[in-house]
file protein.txt (compact mmCIF, C-alpha atoms)
# COMPACT_ATOMS: atom_id res chain seq x y z
CA MET A 1237 -13.33 9.75 60.53
CA ASN A 1238 -15.18 7.00 58.70
CA GLN A 1239 -13.99 7.36 55.12
CA SER A 1240 -16.58 4.93 53.80
CA GLU A 1241 -19.38 7.05 55.22
CA ARG A 1242 -21.82 8.36 52.64
CA ILE A 1243 -23.53 11.69 52.92
CA GLU A 1244 -26.71 12.67 51.11
CA GLN A 1245 -26.17 15.11 48.28
CA LYS A 1246 -28.59 17.71 49.68
CA GLN A 1247 -26.99 17.35 53.10
CA LEU A 1248 -23.53 17.95 51.64
CA GLN A 1249 -24.81 20.97 49.71
CA GLY A 1250 -26.23 22.39 52.95
CA LEU A 1251 -22.88 21.85 54.68
CA VAL A 1252 -20.97 23.56 51.87
CA PHE A 1253 -23.51 26.40 51.77
CA ALA A 1254 -23.18 26.97 55.54
CA ALA A 1255 -19.39 27.23 55.15
CA PHE A 1256 -19.67 29.48 52.08
CA LEU A 1257 -22.16 31.72 53.91
CA THR A 1258 -19.70 32.63 56.67
CA ASP A 1259 -18.08 35.49 54.73
CA SER A 1260 -21.51 37.06 54.17
CA PHE A 1261 -21.71 37.84 57.89
CA ILE A 1262 -18.05 37.94 58.94
CA GLN A 1263 -16.51 40.35 56.47
CA PRO A 1264 -12.85 39.46 55.78
CA PHE A 1265 -10.50 42.12 57.15
CA GLY A 1266 -8.49 43.58 54.29
CA GLN A 1267 -8.43 40.39 52.25
CA ARG A 1268 -10.53 41.76 49.43
CA ASN A 1269 -11.70 45.24 48.50
CA SER A 1270 -13.98 47.31 50.72
CA VAL A 1271 -17.75 47.16 51.03
CA LEU A 1272 -19.52 48.30 47.85
CA PRO A 1273 -22.82 50.21 47.54
CA ALA A 1274 -25.76 47.80 47.35
CA ARG A 1275 -26.50 48.36 43.66
CA MET A 1276 -22.86 47.90 42.64
CA ALA A 1277 -22.46 44.95 45.02
CA ILE A 1278 -25.48 43.09 43.64
CA LEU A 1279 -24.61 43.56 39.97
CA SER A 1280 -20.89 42.84 40.35
CA SER A 1281 -21.59 39.86 42.62
CA GLY A 1282 -24.01 38.48 40.03
CA LEU A 1283 -21.32 38.77 37.36
CA GLN A 1284 -18.66 37.26 39.61
CA LEU A 1285 -20.83 34.34 40.72
CA ALA A 1286 -21.96 33.66 37.15
CA VAL A 1287 -18.31 33.21 36.12
CA LEU A 1288 -17.70 31.07 39.20
CA ALA A 1289 -20.76 28.90 38.48
CA LEU A 1290 -19.58 28.33 34.89
CA LEU A 1291 -16.10 27.37 36.08
CA LEU A 1292 -17.53 25.03 38.71
CA TRP A 1293 -19.82 23.39 36.16
CA PHE A 1294 -16.79 22.27 34.13
CA TYR A 1295 -14.75 21.45 37.23
CA THR A 1296 -17.38 19.34 38.99
CA ARG A 1297 -18.15 17.34 35.85
CA SER A 1298 -14.48 16.34 35.75
CA ALA A 1299 -13.78 15.99 39.48
CA ALA A 1300 -16.89 13.95 40.32
CA LYS A 1301 -15.88 11.18 37.89
CA ARG A 1302 -12.55 10.28 39.50
CA ALA A 1303 -10.54 10.67 42.68
CA PRO A 1304 -7.79 13.31 42.49
CA GLY A 1305 -4.28 12.00 41.82
CA ARG A 1306 -1.38 12.15 44.25
CA ALA A 1307 -0.11 15.54 43.05
CA ALA A 1308 -3.59 17.11 43.07
CA SER A 1309 -4.26 15.72 46.57
CA VAL A 1310 -1.04 17.19 47.96
CA VAL A 1311 -1.70 20.58 46.35
CA LEU A 1312 -5.32 20.71 47.54
CA CYS A 1313 -4.32 19.65 51.06
CA GLY A 1314 -1.79 22.49 51.09
CA ALA A 1315 -4.47 24.90 49.90
CA LEU A 1316 -6.82 23.75 52.67
CA ALA A 1317 -4.13 24.19 55.32
CA VAL A 1318 -3.52 27.77 54.15
CA SER A 1319 -7.29 28.34 53.99
CA ILE A 1320 -7.75 27.18 57.59
CA ALA A 1321 -4.96 29.48 58.76
CA LEU A 1322 -6.51 32.48 56.97
CA GLU A 1323 -9.94 31.69 58.38
CA MET A 1324 -8.48 31.41 61.86
CA ILE A 1325 -6.90 34.85 61.47
CA GLN A 1326 -10.19 36.32 60.29
CA GLY A 1327 -12.19 34.53 62.98
CA GLU A 1328 -9.93 35.65 65.81
CA ARG A 1329 -9.90 39.21 64.52
CA PHE A 1330 -13.69 39.26 64.25
CA TYR A 1331 -14.06 37.85 67.76
CA SER A 1332 -11.73 40.53 69.12
CA TYR A 1333 -13.64 43.20 67.17
CA VAL A 1334 -17.10 42.33 68.49
CA MET A 1335 -16.40 41.15 72.05
CA ASP A 1336 -15.75 43.45 75.00
CA GLN A 1337 -13.84 40.76 76.91
CA GLN A 1338 -10.94 39.36 74.92
CA LEU A 1339 -9.55 35.83 74.85
CA PRO A 1340 -5.81 35.32 74.42
CA VAL A 1341 -5.05 34.33 70.83
CA ALA A 1342 -3.59 30.98 71.90
CA LEU A 1343 -6.72 30.11 73.89
CA PHE A 1344 -9.00 31.10 71.01
CA LEU A 1345 -7.02 28.90 68.62
CA ALA A 1346 -7.04 25.98 71.07
CA LEU A 1347 -10.83 26.15 71.50
CA VAL A 1348 -11.41 26.31 67.75
CA PHE A 1349 -9.01 23.42 67.09
CA VAL A 1350 -10.77 21.25 69.68
CA ALA A 1351 -14.16 22.01 68.09
CA ALA A 1352 -12.73 21.33 64.61
CA TRP A 1353 -11.22 18.01 65.72
CA TYR A 1354 -14.55 16.89 67.13
CA GLY A 1355 -16.44 18.08 64.06
CA ALA A 1356 -14.03 16.56 61.53
CA TYR A 1357 -13.97 13.15 63.20
CA SER A 1358 -17.72 13.08 63.79
CA GLY A 1359 -18.05 12.45 60.05
CA LEU A 1360 -19.53 14.38 57.16
CA GLY A 1361 -23.00 13.07 57.93
CA ALA A 1362 -22.91 14.52 61.45
CA LEU A 1363 -21.46 17.79 60.12
CA GLY A 1364 -24.22 17.93 57.50
CA ARG A 1365 -26.93 17.45 60.12
CA THR A 1366 -25.33 20.10 62.32
CA ALA A 1367 -25.15 22.48 59.36
CA ARG A 1368 -28.91 22.12 58.81
CA VAL A 1369 -29.58 23.19 62.39
CA ILE A 1370 -27.17 26.13 62.12
CA LEU A 1371 -28.71 27.21 58.80
CA ALA A 1372 -32.13 27.18 60.48
CA LEU A 1373 -30.71 29.33 63.29
CA THR A 1374 -29.19 31.64 60.68
CA ALA A 1375 -32.59 32.06 59.00
CA VAL A 1376 -34.14 32.94 62.37
CA SER A 1377 -31.26 35.34 63.06
CA VAL A 1378 -31.76 37.12 59.71
CA ALA A 1379 -35.53 37.35 60.29
CA LEU A 1380 -34.97 38.87 63.74
CA LEU A 1381 -32.36 41.22 62.28
CA ILE A 1382 -34.81 42.52 59.66
CA ALA A 1383 -37.58 42.90 62.24
CA SER A 1384 -35.29 44.71 64.67
CA VAL A 1385 -34.19 47.39 62.18
CA ALA A 1386 -37.51 47.68 60.31
CA PRO A 1387 -38.39 51.08 61.85
CA GLN A 1388 -35.04 52.47 60.66
CA LEU A 1389 -35.33 51.40 57.01
CA ARG A 1390 -35.53 54.27 54.52
CA PHE A 1391 -35.77 53.87 50.75
CA SER A 1392 -34.18 57.31 50.46
CA HIS A 1393 -30.97 55.75 51.82
CA LEU A 1394 -30.43 53.70 48.66
CA GLN A 1395 -27.46 54.92 46.63
CA THR A 1396 -27.29 55.17 42.82
CA PRO A 1397 -23.60 54.93 41.86
CA LEU A 1398 -22.46 54.60 38.26
CA THR A 1399 -22.79 50.96 37.25
CA GLY A 1400 -21.47 50.74 33.71
CA LEU A 1401 -20.07 47.46 32.44
CA PRO A 1402 -16.40 48.49 32.89
CA GLU A 1403 -17.04 49.45 36.54
CA LEU A 1404 -18.93 46.21 37.16
CA ALA A 1405 -16.22 44.14 35.51
CA ARG A 1406 -13.51 45.80 37.62
CA ALA A 1407 -15.49 45.32 40.84
CA ALA A 1408 -16.24 41.66 40.01
CA ALA A 1409 -12.60 40.99 39.12
CA ALA A 1410 -11.41 42.62 42.36
CA GLN A 1411 -13.73 40.43 44.44
CA PHE A 1412 -13.35 37.18 42.51
CA TYR A 1413 -11.75 34.27 44.33
CA LEU A 1414 -11.87 30.47 44.31
CA PRO A 1415 -13.79 29.24 47.38
CA PRO A 1416 -12.26 26.04 48.85
CA GLU A 1417 -15.64 24.74 50.06
CA LEU A 1418 -17.10 24.63 46.54
CA LEU A 1419 -14.01 22.90 45.17
CA LEU A 1420 -14.44 20.30 47.94
CA LEU A 1421 -18.01 19.48 46.93
CA PRO A 1422 -17.26 16.89 44.21
CA LEU A 1423 -14.26 15.52 46.14
CA LEU A 1424 -16.32 14.70 49.23
CA ALA A 1425 -19.37 13.28 47.47
CA ASP A 1426 -19.93 9.81 46.08
CA HIS A 1427 -22.39 11.18 43.54
CA LYS A 1428 -22.32 12.63 40.04
CA ALA A 1429 -24.81 15.44 40.52
CA CYS A 1430 -22.31 17.92 41.94
CA ALA A 1431 -22.47 20.36 39.02
CA LYS A 1432 -26.14 21.05 39.65
CA GLY A 1433 -25.47 21.18 43.39
CA SER A 1434 -22.74 23.80 43.12
CA GLY A 1435 -25.08 25.97 41.03
CA ARG A 1436 -27.72 25.83 43.77
CA VAL A 1437 -25.18 26.81 46.42
CA VAL A 1438 -23.93 29.78 44.36
CA GLY A 1439 -27.50 30.90 43.64
CA ALA A 1440 -28.52 30.71 47.30
CA LEU A 1441 -25.45 32.67 48.36
CA PHE A 1442 -26.22 35.37 45.77
CA ALA A 1443 -29.77 35.72 47.16
CA VAL A 1444 -28.50 36.10 50.74
CA ASN A 1445 -25.83 38.62 49.75
CA CYS A 1446 -28.39 40.70 47.84
CA LEU A 1447 -30.69 40.73 50.86
CA LEU A 1448 -27.92 41.77 53.26
CA ALA A 1449 -26.58 44.47 50.92
CA VAL A 1450 -30.02 46.07 50.45
CA LEU A 1451 -30.81 45.77 54.15
CA GLY A 1452 -27.50 47.40 55.06
CA GLU A 1453 -27.99 50.36 52.73
CA LEU A 1454 -31.64 50.84 53.69
CA THR A 1455 -30.47 51.09 57.30
CA LEU A 1456 -27.17 52.99 57.06
CA GLY A 1457 -27.36 54.82 53.74
CA ALA A 1458 -24.04 56.10 52.42
CA ALA A 1459 -22.37 55.12 55.71
CA TYR A 1460 -22.89 51.45 54.80
CA THR A 1461 -19.76 51.37 52.63
CA GLN A 1462 -17.65 52.82 55.43
CA GLN A 1463 -18.23 49.93 57.83
CA THR A 1464 -15.61 47.31 58.61
CA GLN A 1465 -18.29 44.78 59.60
CA PRO A 1466 -21.53 46.14 58.08
CA VAL A 1467 -23.87 43.32 59.15
CA PHE A 1468 -22.60 43.52 62.73
CA THR A 1469 -23.16 47.29 62.70
CA ILE A 1470 -26.77 46.72 61.64
CA ALA A 1471 -27.18 44.10 64.38
CA ARG A 1472 -26.02 46.59 67.01
CA LEU A 1473 -28.58 49.16 65.85
CA GLY A 1474 -31.58 46.85 66.00
CA GLY A 1475 -33.81 45.95 68.93
CA LEU A 1476 -37.16 44.33 69.63
CA SER A 1477 -39.34 45.60 72.45
CA VAL A 1478 -37.31 45.37 75.68
CA PHE A 1479 -34.48 43.57 73.88
CA ARG A 1480 -32.43 46.59 72.87
CA ARG A 1481 -29.21 44.70 72.13
CA MET A 1482 -29.50 41.47 70.12
CA ASP A 1483 -26.07 41.52 68.50
CA ALA A 1484 -24.72 38.83 70.89
CA LEU A 1485 -27.36 36.41 69.58
CA HIS A 1486 -26.42 37.09 65.96
CA VAL A 1487 -22.67 36.88 66.63
CA GLY A 1488 -23.17 33.49 68.30
CA VAL A 1489 -24.86 32.13 65.18
CA TRP A 1490 -22.17 33.56 62.88
CA LEU A 1491 -19.42 31.98 64.97
CA LEU A 1492 -21.20 28.63 64.64
CA LEU A 1493 -21.03 29.08 60.86
CA PHE A 1494 -17.31 29.84 61.26
CA LEU A 1495 -16.78 26.60 63.24
CA ILE A 1496 -18.65 24.60 60.60
CA LYS A 1497 -16.37 26.08 57.94
CA ILE A 1498 -13.18 25.22 59.85
CA SER A 1499 -14.46 21.69 60.54
CA LEU A 1500 -15.34 21.17 56.87
CA TYR A 1501 -11.85 22.25 55.79
CA PHE A 1502 -10.24 19.86 58.27
CA ALA A 1503 -12.59 17.07 57.20
CA GLY A 1504 -11.68 17.73 53.55
CA PHE A 1505 -7.96 17.62 54.35
CA ILE A 1506 -8.35 14.36 56.29
CA ARG A 1507 -10.42 12.67 53.60
CA LEU A 1508 -8.14 13.71 50.73
CA TRP A 1509 -5.01 12.64 52.62
CA THR A 1510 -6.48 9.34 53.83
CA ARG A 1511 -7.87 8.29 50.45
CA ARG A 1512 -4.59 8.92 48.68
CA PHE A 1513 -1.97 7.92 51.27
CA SER A 1514 -3.79 5.49 53.65
CA PRO A 1515 -1.92 6.48 56.85
CA LYS A 1516 -1.54 3.81 59.54
CA ASN A 1517 -2.65 6.21 62.27
CA GLU A 1518 -6.11 7.62 61.53
CA HIS A 1519 -5.38 10.80 63.49
CA MET A 1520 -2.10 11.55 61.69
CA PRO A 1521 -3.73 13.64 58.90
CA PHE A 1522 -5.34 15.94 61.48
CA TRP A 1523 -2.04 16.51 63.29
CA ALA A 1524 -0.28 17.10 59.97
CA ALA A 1525 -2.94 19.65 59.03
CA LEU A 1526 -2.67 21.26 62.46
CA ALA A 1527 1.10 21.65 62.16
CA LEU A 1528 0.77 23.23 58.71
CA VAL A 1529 -2.01 25.54 59.86
CA VAL A 1530 -0.06 26.79 62.89
CA GLY A 1531 3.00 27.37 60.70
CA VAL A 1532 1.05 29.39 58.13
CA PHE A 1533 -0.84 31.25 60.87
CA LEU A 1534 2.39 32.37 62.55
CA ALA A 1535 3.99 33.30 59.21
CA ALA A 1536 0.97 35.30 57.99
CA TRP A 1537 -0.27 36.90 61.22
CA ASN A 1538 -0.13 40.71 60.85
CA ARG A 1539 2.59 40.42 58.19
CA ASN A 1540 1.96 38.35 55.08
CA GLU A 1541 -1.81 37.82 54.96
CA THR A 1542 -2.14 39.12 51.39
CA TRP A 1543 0.65 36.83 50.22
CA ALA A 1544 -0.94 33.91 52.07
CA PHE A 1545 -4.25 34.63 50.32
CA LEU A 1546 -2.54 34.77 46.92
CA GLY A 1547 -0.74 31.52 47.76
CA GLN A 1548 -4.03 29.88 48.70
CA GLN A 1549 -5.63 30.96 45.42
CA GLY A 1550 -2.60 29.78 43.45
CA LEU A 1551 -2.68 26.34 45.10
CA LEU A 1552 -6.42 26.00 44.49
CA ALA A 1553 -6.03 26.98 40.83
CA LEU A 1554 -3.16 24.52 40.44
CA GLY A 1555 -5.23 21.76 42.04
CA VAL A 1556 -8.10 22.42 39.62
CA LEU A 1557 -5.72 22.35 36.64
CA LEU A 1558 -4.19 19.06 37.83
CA ILE A 1559 -7.64 17.48 38.07
CA PHE A 1560 -8.46 18.69 34.56
CA ALA A 1561 -5.11 17.40 33.26
CA THR A 1562 -5.65 13.98 34.86
CA GLY A 1563 -9.03 13.76 33.21
CA ARG A 1564 -7.61 14.50 29.77
CA GLU A 1565 -4.81 11.96 30.17
CA ARG A 1566 -7.23 9.22 31.13
CA LYS A 1567 -9.48 10.07 28.19
CA LYS A 1568 -6.53 9.77 25.81
CA ARG A 1569 -5.70 6.33 27.16
call {"tool": "encode", "arguments": {"input": "protein.txt", "output": "structure tokens"}}
result
Amino acid sequence: MNQSERIEQKQLQGLVFAAFLTDSFIQPFGQRNSVLPARMAILSSGLQLAVLALLLWFYTRSAAKRAPGRAASVVLCGALAVSIALEMIQGERFYSYVMDQQLPVALFLALVFVAAWYGAYSGLGALGRTARVILALTAVSVALLIASVAPQLRFSHLQTPLTGLPELARAAAAQFYLPPELLLLPLLADHKACAKGSGRVVGALFAVNCLLAVLGELTLGAAYTQQTQPVFTIARLGGLSVFRRMDALHVGVWLLLFLIKISLYFAGFIRLWTRRFSPKNEHMPFWAALALVVGVFLAAWNRNETWAFLGQQGLLALGVLLIFATGRERKKR
């Protein structure tokens, strides 16, 4: 990976948005609470993302001004390794859930790692250009999804659950988490406009999530909250003319988003490690990340996924605090 490579700010925002968007289509299995009714989901998500945007505004103003120190780099690299392992678990589980013909877990992991290696070492610029294409495909996929289920949409399906402030606050707190891709934004950029960029990404994600939540409830009604993968369920119900099953097309696009996310995490690990430790072998950071990911994957698989998620969030929070602390120390000097 060319560490001196520059990437346009809008291109980097598109890359981060594509990674952040993955969970909107591939619902994490058991990592956070279940699917909420559309009204509750929109209001609680707005509250959650508003808090996240405020936190990121302070974080990006600090992180964009200086490279993270040695301790922060190690902690964030550890968080990214855990994040990759968790995403691999979710990705493999989703693939097994939606596909009739299964791949062995080892083969699935090998294929994803090969794609991630190629993506990470192609450079952020290449990843950003690829993300633009995949986002365009995602927009087409969503448009086809809406068109395919249009005859089944019923306004009478919309639910009206209690949405008082205490309920919204509890739902937002239950779903709140630190997304690694947004914390990477100021660390991967050579610009100082990251605070505004992170706000755009959060706002765009909120709009997409609102659309998908309303579409799901208009289609499925009360059954929407009972789905493990609600967007996939909607995709299976829709059809256009002679094309009665279009879910394979949608799943293909969502898996491309998943690969972009994994590649971005690996690229972030490589860049953080290389900038701070300057390894003699340029491929050493990738192999180090791979070893850590496989170790976490084997430790968490079907046993300790919740603890791995809590560990990931703890490492990310610690990394943010270390970056803040470094900024204060340098100001005092």
call {"tool": "atom_distance", "arguments": {"input": "protein.txt", "atom1": "CA of Gln1549 in chain A", "atom2": "CA of Leu1414 in chain A"}}
result
6.4 Å
call {"tool": "closest_residue", "arguments": {"input": "protein.txt", "among": "A:Ile1496, A:Ala1274, A:Val1529, A:Ala1289", "to": "Ala1544 in chain A", "atoms": "only C-alpha atoms"}}
result
A:Val1529
call {"tool": "closest_residue", "arguments": {"input": "protein.txt", "among": "A:Leu1398, A:Ala1321, A:Ala1375, A:Ala1471", "to": "Ala1535 in chain A", "atoms": "all atoms listed in the file"}}
result
A:Ala1321
call {"tool": "closest_residue", "arguments": {"input": "protein.txt", "among": "A:Gln1263, A:Ser1332, A:Ser1280, A:Thr1461", "to": "Phe1344 in chain A", "atoms": "all atoms listed in the file"}}
result
A:Ser1332
call {"tool": "atom_distance", "arguments": {"input": "protein.txt", "atom1": "CA of Gly1327 in chain A", "atom2": "CA of Thr1258 in chain A"}}
result
10.0 Å
call {"tool": "closest_residue", "arguments": {"input": "protein.txt", "among": "A:Gln1338, A:Ser1384, A:Ser1270, A:Ser1434", "to": "Leu1291 in chain A", "atoms": "all atoms listed in the file"}}
result
A:Ser1434
call {"tool": "closest_residue", "arguments": {"input": "protein.txt", "among": "A:Ala1303, A:Ala1503, A:Ala1459, A:Val1252", "to": "Phe1560 in chain A", "atoms": "all atoms listed in the file"}}
result
A:Ala1303
call {"tool": "closest_residue", "arguments": {"input": "protein.txt", "among": "A:Arg1406, A:Arg1512, A:Arg1297, A:Arg1365", "to": "Ala1277 in chain A", "atoms": "only C-alpha atoms"}}
result
A:Arg1406
call {"tool": "residues_around", "arguments": {"input": "protein.txt", "residues": "Gly1314 in chain A", "least_positions_apart": "6", "cutoff": "9 Å", "atoms": "only C-alpha atoms", "output": "ChimeraX atom specification"}}
result
/A:1505,1525,1528,1548,1551-1552
call {"tool": "residues_around", "arguments": {"input": "protein.txt", "residues": "Gly1364 in chain A", "least_positions_apart": "6", "cutoff": "9 Å", "atoms": "only C-alpha atoms", "output": "VMD selection string"}}
result
chain A and resid 1243 to 1244 1246 to 1252
call {"tool": "atom_distance", "arguments": {"input": "protein.txt", "atom1": "CA of Ala1484 in chain A", "atom2": "CA of Arg1472 in chain A"}}
result
8.8 Å
call {"tool": "residues_around", "arguments": {"input": "protein.txt", "residues": "Gly1555 in chain A", "least_positions_apart": "6", "cutoff": "8 Å", "atoms": "only C-alpha atoms", "output": "ChimeraX atom specification"}}
result
/A:1308-1309,1311-1312
call {"tool": "axis_aligned_box", "arguments": {"input": "protein.txt", "around": "range 1550-1562 of chain A", "padding_each_side": "5 Å", "output": "JSON"}}
result
{"center_x": -5.5, "center_y": 21.9, "center_z": 39.2, "size_x": 15.9, "size_y": 25.8, "size_z": 21.8}
